[in-house]
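Source file: start_13.txt. Holds: compact mmCIF, C-alpha atoms.
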```txt
# COMPACT_ATOMS: atom_id res chain seq x y z
CA MET A 200 15.36 -13.22 17.98
CA LYS A 201 16.66 -9.79 18.93
CA GLN A 202 13.99 -8.09 16.83
CA LYS A 203 11.18 -10.02 18.52
CA LYS A 204 12.54 -9.17 21.93
CA ASN A 205 12.65 -5.48 21.05
CA ALA A 206 9.06 -5.57 19.83
CA LYS A 207 7.85 -7.12 23.10
CA THR A 208 9.79 -4.55 25.06
CA ALA A 209 8.16 -1.81 23.00
CA TRP A 210 4.64 -2.93 23.90
CA ARG A 211 5.58 -3.29 27.58
CA ARG A 212 6.91 0.27 27.62
CA ILE A 213 3.74 1.62 26.04
CA GLY A 214 1.59 -0.13 28.61
CA VAL A 215 3.67 1.03 31.57
CA LEU A 216 4.42 4.59 30.52
CA GLY A 217 0.97 5.48 29.20
CA ILE A 218 0.34 8.37 26.86
CA ALA A 219 3.22 10.62 27.90
CA GLY A 220 5.66 7.75 27.63
CA LEU A 221 4.22 6.69 24.30
CA LEU A 222 4.62 10.11 22.76
CA ALA A 223 8.09 10.64 24.13
CA TRP A 224 9.46 7.19 23.35
CA GLN A 225 7.80 5.79 20.19
CA ALA A 226 8.94 6.45 16.62
CA PRO A 227 12.34 5.63 15.19
CA ALA A 228 12.61 1.86 15.61
CA MET A 229 8.97 0.98 15.85
CA TYR A 230 7.54 3.41 13.31
CA PRO A 231 10.09 3.95 10.55
CA GLY A 232 10.05 7.41 9.07
CA ALA A 233 8.75 9.14 12.18
CA SER A 234 10.18 12.58 12.70
CA ASN A 235 12.47 12.99 15.67
CA THR A 236 11.64 16.69 15.83
CA VAL A 237 8.33 15.80 17.47
CA TYR A 238 10.26 14.68 20.52
CA GLY A 239 12.58 17.64 20.80
CA SER A 240 11.61 18.45 24.39
CA SER A 241 11.18 16.24 27.40
CA ALA A 242 8.34 18.47 28.59
CA ILE A 243 5.03 17.59 26.92
CA SER A 244 2.43 20.35 27.15
CA ALA A 245 -1.26 19.74 27.63
CA GLN A 246 -1.85 21.23 24.17
CA SER A 247 0.60 18.84 22.51
CA LEU A 248 -1.04 15.90 24.26
CA GLN A 249 -4.44 16.90 22.92
CA GLY A 250 -3.24 18.07 19.51
CA VAL A 251 -5.15 20.55 17.39
CA LYS A 252 -8.76 19.50 16.99
CA PRO A 253 -10.04 20.22 13.46
CA GLN A 254 -12.97 22.54 12.99
CA ASN A 255 -16.39 20.93 12.68
CA SER A 256 -15.24 17.72 14.33
CA VAL A 257 -16.03 15.49 17.27
CA SER A 258 -13.34 13.81 19.34
CA VAL A 259 -13.34 10.08 19.93
CA THR A 260 -12.42 10.79 23.56
CA ALA A 261 -15.83 12.41 24.04
CA TYR A 262 -17.29 8.93 23.61
CA GLY A 263 -15.04 7.27 26.16
CA ALA A 264 -11.98 6.28 24.12
CA ILE A 265 -8.78 6.29 26.17
CA GLY A 266 -5.46 6.24 24.33
CA ASN A 267 -3.39 4.70 27.10
CA GLY A 268 -2.30 1.54 25.28
CA LYS A 269 -4.20 -0.59 27.80
CA THR A 270 -7.95 -0.01 27.33
CA ASP A 271 -10.00 -1.40 24.45
CA ALA A 272 -11.54 1.54 22.58
CA LEU A 273 -13.54 -0.32 19.91
CA ALA A 274 -16.99 0.40 21.36
CA SER A 275 -16.11 4.07 21.84
CA PHE A 276 -14.89 4.34 18.24
CA ASN A 277 -18.10 2.76 16.95
CA GLN A 278 -20.21 5.26 18.90
CA ALA A 279 -18.03 8.17 17.77
CA ILE A 280 -18.19 7.10 14.10
CA LYS A 281 -21.99 6.94 14.29
CA ALA A 282 -22.17 10.37 15.93
CA ALA A 283 -19.80 11.93 13.39
CA ARG A 284 -21.85 10.54 10.52
CA ASN A 285 -25.15 11.74 12.00
CA GLN A 286 -23.72 15.20 12.69
CA ARG A 287 -21.84 15.33 9.38
CA LYS A 288 -18.61 16.06 11.16
CA THR A 289 -15.02 14.82 11.04
CA LEU A 290 -13.98 12.32 13.70
CA TYR A 291 -10.80 13.48 15.45
CA VAL A 292 -8.46 11.04 17.22
CA PRO A 293 -6.11 12.91 19.61
CA PRO A 294 -2.57 11.70 20.38
CA GLY A 295 -2.46 8.32 22.08
CA ASN A 296 -2.33 4.58 21.55
CA TYR A 297 -5.89 3.27 21.12
CA LEU A 298 -6.48 -0.48 21.28
CA LEU A 299 -9.05 -1.99 18.91
CA SER A 300 -10.23 -5.55 19.55
CA GLY A 301 -12.05 -5.84 16.21
CA MET A 302 -12.60 -4.24 12.83
CA LEU A 303 -13.73 -0.65 12.33
CA GLN A 304 -16.58 -0.01 9.88
CA VAL A 305 -16.17 3.53 8.57
CA THR A 306 -19.05 4.56 6.30
CA GLY A 307 -18.94 8.08 4.90
CA VAL A 308 -16.86 9.49 7.77
CA GLN A 309 -13.49 11.23 7.75
CA ILE A 310 -11.18 10.06 10.54
CA VAL A 311 -8.23 12.37 11.23
CA GLY A 312 -5.47 11.83 13.77
CA ALA A 313 -2.92 14.25 15.23
CA GLY A 314 -0.17 12.89 12.97
CA ALA A 315 1.22 9.45 12.31
CA GLU A 316 3.89 10.02 14.96
CA ARG A 317 1.34 10.72 17.70
CA THR A 318 -1.97 8.96 16.97
CA VAL A 319 -1.72 5.16 16.94
CA LEU A 320 -4.50 2.63 16.41
CA THR A 321 -3.41 -0.82 17.55
CA SER A 322 -5.43 -3.86 16.44
CA THR A 323 -5.15 -6.58 19.06
CA ASN A 324 -7.02 -9.31 17.14
CA PRO A 325 -4.74 -10.68 14.40
CA ALA A 326 -7.71 -12.31 12.62
CA ALA A 327 -9.93 -9.21 12.46
CA GLY A 328 -8.28 -5.82 12.50
CA SER A 329 -9.09 -4.20 9.18
CA ILE A 330 -10.32 -0.60 9.00
CA ASN A 331 -13.08 -0.80 6.37
CA LEU A 332 -13.92 2.32 4.34
CA LYS A 333 -17.37 2.39 2.75
CA GLY A 334 -19.89 4.80 1.28
CA LYS A 335 -19.17 8.28 -0.07
CA ASN A 336 -16.25 10.45 1.08
CA PRO A 337 -14.70 8.24 3.76
CA GLU A 338 -11.19 9.26 4.74
CA LEU A 339 -8.36 8.05 6.95
CA SER A 340 -5.46 10.40 7.60
CA GLN A 341 -2.71 11.53 9.96
CA LEU A 342 -2.35 8.36 12.05
CA THR A 343 -0.63 5.00 12.37
CA HIS A 344 -2.37 1.63 12.21
CA VAL A 345 -0.43 -1.34 13.55
CA TYR A 346 -1.25 -4.92 14.52
CA LYS A 347 0.07 -6.03 17.89
CA ASN A 348 0.56 -9.44 16.28
CA THR A 349 -0.13 -10.51 12.69
CA GLY A 350 -1.74 -13.82 11.79
CA ARG A 351 -0.62 -16.12 9.02
CA ARG A 352 -1.51 -15.17 5.46
CA ASP A 353 -4.70 -16.89 4.29
CA GLY A 354 -6.27 -14.32 1.95
CA SER A 355 -8.73 -12.98 4.51
CA ASP A 356 -9.58 -9.30 4.00
CA ASN A 357 -10.29 -9.11 7.72
CA LYS A 358 -6.50 -9.18 8.16
CA ASN A 359 -5.82 -6.20 5.91
CA SER A 360 -4.80 -2.95 7.52
CA VAL A 361 -7.28 -0.90 5.44
CA THR A 362 -9.95 -2.28 3.10
CA VAL A 363 -11.87 0.00 0.72
CA LEU A 364 -15.19 -1.69 -0.03
CA GLY A 365 -16.83 -0.03 -3.02
CA ALA A 366 -16.35 3.45 -1.59
CA SER A 367 -16.41 6.58 -3.75
CA ASP A 368 -14.43 9.81 -3.36
CA PHE A 369 -12.32 8.18 -0.66
CA ALA A 370 -8.90 9.21 0.64
CA ILE A 371 -6.11 7.53 2.58
CA ARG A 372 -3.44 10.14 3.33
CA ASP A 373 -0.39 10.33 5.58
CA VAL A 374 -1.13 7.01 7.26
CA ARG A 375 1.61 4.73 8.56
CA ILE A 376 0.83 1.01 8.26
CA ILE A 377 3.12 -1.42 10.04
CA GLY A 378 2.27 -5.08 9.52
CA ALA A 379 -0.86 -6.85 8.29
CA GLY A 380 -1.76 -10.51 7.88
CA THR A 381 -2.90 -9.81 4.31
CA ALA A 382 -2.62 -6.48 2.42
CA GLY A 383 -1.70 -3.06 3.70
CA ILE A 384 -4.41 -1.31 1.64
CA LEU A 385 -6.86 -3.30 -0.48
CA VAL A 386 -9.33 -1.56 -2.80
CA ARG A 387 -12.14 -3.65 -4.29
CA ASP A 388 -15.85 -3.88 -5.23
CA GLY A 389 -15.81 -1.16 -7.87
CA ALA A 390 -14.44 1.61 -5.67
CA THR A 391 -14.09 4.89 -7.57
CA ASP A 392 -12.43 8.30 -7.43
CA GLY A 393 -9.95 7.63 -4.66
CA VAL A 394 -6.60 8.99 -3.53
CA ILE A 395 -3.94 6.96 -1.70
CA ALA A 396 -1.14 9.42 -1.00
CA GLY A 397 1.80 10.06 1.29
CA ASN A 398 1.52 6.82 3.22
CA VAL A 399 4.24 4.54 4.60
CA ILE A 400 3.44 0.81 4.34
CA LYS A 401 5.76 -1.84 5.70
CA SER A 402 5.92 -5.53 6.59
CA THR A 403 2.62 -6.78 5.16
CA ARG A 404 2.23 -10.49 4.49
CA ALA A 405 0.55 -9.85 1.11
CA ASP A 406 0.63 -6.80 -1.20
CA GLY A 407 1.33 -3.36 0.13
CA ILE A 408 -1.38 -1.71 -2.01
CA HIS A 409 -3.75 -3.89 -4.06
CA ILE A 410 -6.44 -2.44 -6.38
CA THR A 411 -8.95 -4.85 -7.90
CA GLY A 412 -12.61 -5.71 -8.46
CA GLY A 413 -13.30 -3.26 -11.28
CA SER A 414 -12.20 -0.25 -9.24
CA SER A 415 -11.44 2.86 -11.27
CA ARG A 416 -10.16 6.45 -11.30
CA ILE A 417 -7.75 6.01 -8.41
CA THR A 418 -4.48 7.84 -7.85
CA VAL A 419 -1.66 6.21 -5.86
CA GLU A 420 1.12 8.73 -5.31
CA ASN A 421 4.09 9.60 -3.11
CA ASN A 422 3.82 6.47 -0.96
CA THR A 423 6.71 4.47 0.47
CA VAL A 424 6.09 0.70 0.38
CA LYS A 425 8.72 -1.68 1.71
CA GLN A 426 9.38 -5.26 2.83
CA THR A 427 6.01 -6.57 1.64
CA GLY A 428 5.23 -10.27 1.49
CA ASP A 429 4.02 -9.94 -2.11
CA ASP A 430 3.85 -7.07 -4.65
CA ALA A 431 4.43 -3.56 -3.34
CA ILE A 432 1.70 -2.01 -5.55
CA ALA A 433 -0.61 -4.17 -7.68
CA VAL A 434 -3.44 -3.50 -10.13
CA VAL A 435 -5.33 -6.75 -10.75
CA SER A 436 -8.39 -7.71 -12.82
CA TYR A 437 -9.83 -11.21 -12.55
CA GLN A 438 -12.12 -12.80 -15.14
CA LYS A 439 -14.74 -13.18 -12.40
CA ASP A 440 -14.84 -9.41 -11.81
CA ALA A 441 -17.78 -7.47 -13.22
CA ALA A 442 -15.38 -5.10 -14.99
CA ALA A 443 -11.68 -4.55 -15.48
CA THR A 444 -9.79 -2.35 -13.05
CA SER A 445 -9.06 0.83 -15.00
CA ASP A 446 -7.91 4.45 -15.03
CA ILE A 447 -5.30 4.04 -12.33
CA VAL A 448 -2.40 6.47 -11.84
CA ILE A 449 0.66 5.22 -9.91
CA ARG A 450 3.03 8.15 -9.55
CA GLY A 451 6.01 9.25 -7.48
CA ASN A 452 6.10 6.22 -5.18
CA SER A 453 9.20 4.61 -3.67
CA VAL A 454 8.81 0.84 -3.41
CA GLY A 455 10.72 -2.39 -2.90
CA TYR A 456 13.31 -2.49 -0.13
CA ALA A 457 13.37 -6.30 0.05
CA SER A 458 9.77 -6.87 -1.03
CA LYS A 459 9.19 -10.54 -1.81
CA ALA A 460 7.56 -10.26 -5.25
CA ARG A 461 7.15 -7.46 -7.82
CA GLY A 462 7.55 -3.74 -7.27
CA ILE A 463 4.64 -2.40 -9.38
CA SER A 464 2.42 -4.81 -11.31
CA VAL A 465 -0.53 -4.65 -13.67
CA VAL A 466 -2.02 -8.13 -13.91
CA GLY A 467 -5.14 -7.53 -15.96
CA GLY A 468 -6.48 -4.01 -16.44
CA SER A 469 -6.65 -1.01 -18.75
CA SER A 470 -5.63 2.65 -18.87
CA VAL A 471 -2.92 2.48 -16.21
CA THR A 472 -0.18 5.09 -15.83
CA ILE A 473 3.06 4.22 -14.00
CA ASP A 474 5.06 7.42 -13.79
CA LYS A 475 8.20 8.63 -12.00
CA ASN A 476 8.39 5.86 -9.41
CA ALA A 477 11.56 4.50 -7.78
CA ILE A 478 11.64 0.69 -7.59
CA SER A 479 14.55 -1.17 -6.02
CA ASN A 480 15.49 -4.51 -4.48
CA THR A 481 12.50 -6.70 -5.31
CA GLU A 482 12.69 -10.50 -5.47
CA MET A 483 10.82 -10.57 -8.78
CA ALA A 484 10.39 -8.00 -11.57
CA GLY A 485 10.52 -4.34 -10.65
CA ILE A 486 7.71 -3.55 -13.12
CA TYR A 487 5.48 -6.42 -14.25
CA ILE A 488 2.77 -6.21 -16.94
CA ALA A 489 1.00 -9.56 -17.25
CA VAL A 490 -1.95 -11.83 -17.87
CA GLU A 491 -1.80 -14.94 -15.71
CA ARG A 492 -3.56 -18.25 -16.32
CA HIS A 493 -2.97 -19.43 -12.75
CA TRP A 494 -5.05 -16.54 -11.35
CA ASN A 495 -7.37 -16.39 -14.41
CA THR A 496 -6.83 -12.68 -14.93
CA ARG A 497 -8.17 -10.42 -17.67
CA SER A 498 -6.22 -9.01 -20.59
CA VAL A 499 -4.15 -5.81 -20.44
CA SER A 500 -4.35 -2.75 -22.67
CA GLY A 501 -3.29 0.86 -22.57
CA VAL A 502 -0.47 0.94 -20.02
CA ASN A 503 2.02 3.84 -20.03
CA VAL A 504 5.27 3.38 -18.08
CA SER A 505 7.42 6.52 -18.06
CA GLY A 506 10.23 8.16 -16.13
CA ASN A 507 10.71 5.35 -13.61
CA LYS A 508 13.97 4.17 -12.03
CA ILE A 509 14.14 0.39 -11.68
CA VAL A 510 17.22 -0.93 -9.86
CA ASN A 511 18.31 -4.41 -8.76
CA ALA A 512 15.15 -6.44 -9.35
CA GLY A 513 14.86 -10.22 -9.71
CA THR A 514 16.93 -11.08 -6.64
CA ARG A 515 15.15 -14.40 -5.98
CA PRO A 516 17.61 -17.14 -7.01
CA THR A 517 14.91 -19.54 -8.26
CA ASP A 518 13.38 -17.08 -10.77
CA ASP A 519 14.65 -15.40 -13.93
CA HIS A 520 12.74 -12.14 -13.66
CA PRO A 521 14.34 -9.12 -15.34
CA ASN A 522 13.96 -5.58 -14.01
CA VAL A 523 11.01 -5.12 -16.40
CA LEU A 524 8.86 -8.04 -17.53
CA VAL A 525 5.91 -8.24 -19.94
CA PHE A 526 4.35 -11.71 -19.71
CA ALA A 527 1.18 -13.47 -20.84
CA ASP A 528 0.26 -17.14 -20.72
CA GLN A 529 -3.39 -16.49 -21.62
CA GLY A 530 -5.41 -13.61 -23.04
CA SER A 531 -3.67 -10.62 -24.60
CA ILE A 532 -1.44 -7.65 -23.84
CA ASP A 533 -1.49 -4.70 -26.23
CA GLU A 534 -0.53 -1.02 -26.44
CA VAL A 535 2.00 -0.90 -23.62
CA ARG A 536 4.50 1.97 -23.81
CA PHE A 537 7.80 2.31 -21.93
CA THR A 538 9.27 5.81 -22.24
CA GLY A 539 12.30 7.38 -20.57
CA ASN A 540 12.85 4.75 -17.91
CA LEU A 541 16.23 4.10 -16.24
CA ILE A 542 16.81 0.35 -15.82
CA SER A 543 19.99 -0.63 -13.99
CA ASP A 544 21.83 -3.33 -12.06
CA SER A 545 19.45 -6.15 -12.90
CA VAL A 546 20.25 -9.59 -11.56
CA ASN A 547 19.00 -11.14 -14.81
CA ALA A 548 18.02 -9.41 -18.06
CA GLY A 549 17.20 -5.73 -18.13
CA ILE A 550 13.88 -6.17 -20.00
CA GLY A 551 11.96 -9.29 -20.95
CA VAL A 552 8.88 -9.89 -23.14
CA TRP A 553 7.64 -13.47 -23.33
CA GLY A 554 4.84 -16.00 -22.74
CA ASP A 555 2.41 -18.20 -24.65
CA GLY A 556 -0.44 -15.68 -24.68
CA GLN A 557 -1.06 -13.03 -27.32
CA ILE A 558 1.33 -10.07 -27.02
CA GLY A 559 0.70 -7.20 -29.41
CA ASN A 560 2.31 -3.75 -29.66
CA ILE A 561 4.97 -3.00 -27.06
CA TYR A 562 6.81 0.32 -27.46
CA PHE A 563 10.24 1.18 -26.01
CA THR A 564 11.28 4.81 -26.50
CA SER A 565 14.29 6.62 -24.96
CA ASN A 566 14.87 4.07 -22.20
CA GLN A 567 18.33 3.39 -20.76
CA ILE A 568 19.71 0.03 -19.60
CA THR A 569 22.95 -0.09 -17.63
CA ASN A 570 24.84 -2.94 -16.01
CA PRO A 571 22.43 -5.82 -16.73
CA GLY A 572 23.19 -9.11 -15.01
CA GLY A 573 22.22 -10.99 -18.17
CA SER A 574 21.30 -9.83 -21.64
CA ALA A 575 20.05 -6.26 -21.90
CA THR A 576 16.80 -7.39 -23.53
CA THR A 577 15.08 -10.73 -24.06
CA PHE A 578 12.27 -10.31 -26.58
CA LYS A 579 10.61 -13.64 -27.35
CA LYS A 580 7.13 -12.45 -28.28
CA GLY A 581 5.15 -9.43 -29.43
CA GLU A 582 5.40 -6.59 -31.90
CA ILE A 583 8.38 -4.73 -30.45
CA HIS A 584 8.87 -1.07 -31.43
CA ALA A 585 12.19 0.37 -30.22
CA GLU A 586 13.51 3.88 -30.82
CA GLY A 587 16.11 6.09 -29.19
CA ASN A 588 17.02 3.64 -26.44
CA SER A 589 20.45 3.25 -24.83
CA GLY A 590 22.10 -0.01 -23.86
CA PHE A 591 19.66 -2.25 -25.78
```

What does this structure look like when you write it as structure tokens?
Amino acid sequence: MKQKKNAKTAWRRIGVLGIAGLLAWQAPAMYPGASNTVYGSSAISAQSLQGVKPQNSVSVTAYGAIGNGKTDALASFNQAIKAARNQRKTLYVPPGNYLLSGMLQVTGVQIVGAGAERTVLTSTNPAAGSINLKGKNPELSQLTHVYKNTGRRDGSDNKNSVTVLGASDFAIRDVRIIGAGTAGILVRDGATDGVIAGNVIKSTRADGIHITGGSSRITVENNTVKQTGDDAIAVVSYQKDAAATSDIVIRGNSVGYASKARGISVVGGSSVTIDKNAISNTEMAGIYIAVERHWNTRSVSGVNVSGNKIVNAGTRPTDDHPNVLVFADQGSIDEVRFTGNLISDSVNAGIGVWGDGQIGNIYFTSNQITNPGGSATTFKKGEIHAEGNSGF
């Protein structure tokens, strides 16, 4: 109850204090990870209010957007996006709290804020607040996107924070996402050649980052994903998809922090690299490689899992997930390699390989298991190749 009261108080302060109050007051509680150094002085200069406008850009304020936390700016954003596209310029969003009553359609435009601590986009419609990236070279960076209220989870992409719809050469960088009725970032429809980097994603009702629909050649790196309603980062390929999701690199991320399902999962897909991530405190497996009958997903092949730290996974009392789980109840899993991972403090087993599907070659090389809550390893299926491991 106290948390809800604080959230209401936060929105009341933003509305009353306006832009100066927003910039001076927001951050630590409402936007985790925000730097306090931004608020080092009580005096806010005109330059700091405006921020530094990028070269070759247009400002959303030139089209009537007001970042006072009270005025709907959706129509102004739509006009500004159209103008930026026609002029082949970046769209700049100065410091402020801009209310959006509906979804943004961003086709081939780069939207850049003044920093996640200072530029805030607030979706006021819990059923339709997604920022949709389309076309070639769309980008979202240096801002925060938050829902004033989130609706119940029902699978609607309209409730995502950001949805990438078949875009190519896209980027989502240094964006703070707080709350979404579905996913934080969802990539689908064969999107290609994308970068999702340096973002903070928290309190989504579904996955934090979800890549599906035959999307390929995407790098997900140096993100922090916490307290998600489902997996923190997921690569998924359904049988209904035109192609498998492939050539995905998941590197240097920090995920978990009381997330309600898996930390990093590959549920159907090929050529996936999971490298040097930190995964902790997830209700189900920290790393999950699987083919699932319930969701009718495709087979898995060519997954390399190396240099990760997986700590305290499988905390849900009703499940038996180990820190690392390879599972198939249909299709096949083959050529999955675990190398140099540190697996510690599991609630259940350290590593598990099981299921009624076909499980082929699974390689474990130079991994370390410490302090497992159950057996160190539970291998019930597959061609297991183990060499140079510790604690097995």

- Task: For stretch 358-367 of chain A, work out the shell of residues within 8 Å, counting all atoms listed in the file and skipping chain neighbours fewer than 2 positions away, then give it as a PyMOL selection string.
- Result: chain A and resi 325-337+344-345+349-350+355-356+369+376+378-393+414

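Distance-wise, atom CA of A:Gly539 and atom CA of A:Pro516 end up 28.5 Å apart.
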
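Each of A:Ser300, A:Asn495, A:Ser589, A:Asn507 was checked against A:Thr472 using all atoms listed in the file; the smallest atom-to-atom distance is that of A:Asn507.
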
- Go through A:Thr411, A:Glu420, A:Val319, A:Ser470 and flag the residue nearest A:Arg375, using only C-alpha atoms for the distances. A:Val319

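With all atoms listed in the file as the basis for measurement, A:Ala431 is the residue among A:Ala585, A:Leu299, A:Ala315, A:Ala431 that approaches A:Ser402 most closely.
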
- In Å, with one decimal, what is the gap from atom CA of A:Gly549 to atom CA of A:Gly513?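 Result for atom CA of A:Gly549 versus atom CA of A:Gly513: 9.8 Å, one decimal.
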
- Could you tell me which of A:Pro293, A:Ile473, A:Gln278, A:Arg372 comes closest to A:Thr318 if we count all atoms listed in the file?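 Nearest candidate to A:Thr318 out of A:Pro293, A:Ile473, A:Gln278, A:Arg372: A:Pro293.
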
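Nearest residue to A:Gly266, choosing from A:Val399, A:Ala282, A:Val292, A:Ile488 and counting only C-alpha atoms: A:Val292.
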
- Query: Could you pull the residues within 10 Å of A:Ile280, counting only C-alpha atoms, minus those fewer than 2 positions along the same chain, as an MDAnalysis selection string?
  - Reply: chainID A and resid 257:259 262 274:278 282:286 288:291 303:310

Residues of stretch 463-551 of chain A that have any atom at most 12 Å from an atom of stretch 434-439 of chain A: could you tabulate them with the shortest-distance atom pair and the distance in Å to one decimal, using only C-alpha atoms, ordered by chain and increasing number, as CSV?
```
residue,atom,partner,partner_atom,distance
A:Ile463,CA,A:Val434,CA,8.2
A:Ser464,CA,A:Val434,CA,6.1
A:Val465,CA,A:Val434,CA,4.7
A:Val466,CA,A:Val435,CA,4.8
A:Gly467,CA,A:Ser436,CA,4.5
A:Gly468,CA,A:Ser436,CA,5.5
A:Ser469,CA,A:Ser436,CA,9.1
A:Ser470,CA,A:Val434,CA,10.9
A:Val471,CA,A:Val434,CA,8.5
A:Thr472,CA,A:Val434,CA,10.8
A:Ile473,CA,A:Val434,CA,10.8
A:Ile486,CA,A:Val434,CA,11.5
A:Tyr487,CA,A:Val434,CA,10.3
A:Ile488,CA,A:Val434,CA,9.6
A:Ala489,CA,A:Val435,CA,9.5
A:Val490,CA,A:Ser436,CA,9.2
A:Glu491,CA,A:Tyr437,CA,9.4
A:Arg492,CA,A:Tyr437,CA,10.2
A:His493,CA,A:Tyr437,CA,10.7
A:Trp494,CA,A:Tyr437,CA,7.3
A:Asn495,CA,A:Gln438,CA,6.0
A:Thr496,CA,A:Tyr437,CA,4.1
A:Arg497,CA,A:Gln438,CA,5.3
A:Ser498,CA,A:Ser436,CA,8.2
A:Val499,CA,A:Ser436,CA,8.9
A:Ser500,CA,A:Ser436,CA,11.7
A:Val502,CA,A:Val434,CA,11.2
A:Gln529,CA,A:Gln438,CA,11.5
A:Gly530,CA,A:Gln438,CA,10.4
```

- Message: For a test of reading the model, state the distance in Å between atom CA of A:Ile395 and atom CA of A:Phe526, rounded to one decimal.
- Response: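 One can read the atom CA of A:Ile395 to atom CA of A:Phe526 distance as 27.2 Å.
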
Once you count all atoms listed in the file, which residues end up no further than 10 Å from (14.7, 7.8, -32.7) in the file's frame, shown as a short mmCIF file (atom, residue, chain, number, x, y, z; two decimals) with C-alpha atoms, keeping the file's coordinate frame?
```
data_model
loop_
_atom_site.label_atom_id
_atom_site.label_comp_id
_atom_site.auth_asym_id
_atom_site.auth_seq_id
_atom_site.Cartn_x
_atom_site.Cartn_y
_atom_site.Cartn_z
CA THR A 564 11.28 4.81 -26.50
CA SER A 565 14.29 6.62 -24.96
CA ALA A 585 12.19 0.37 -30.22
CA GLU A 586 13.51 3.88 -30.82
CA GLY A 587 16.11 6.09 -29.19
CA ASN A 588 17.02 3.64 -26.44
#
```

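Of the residues listed (A:Val448, A:Val454, A:Ile550, A:Val504), A:Val454 shows the shortest atom-to-atom separation from A:Thr481; distances use all atoms listed in the file.
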
- Neighbour residues at most 10 Å from (-0.3, 16.1, 15.2) (only C-alpha atoms) as a list of chain:residue names: A:Val237, A:Ser247, A:Leu248, A:Gln249, A:Gly250, A:Val251, A:Lys252, A:Val292, A:Pro293, A:Pro294, A:Val311, A:Gly312, A:Ala313, A:Gly314, A:Ala315, A:Glu316, A:Arg317, A:Thr318, A:Gln341, A:Leu342
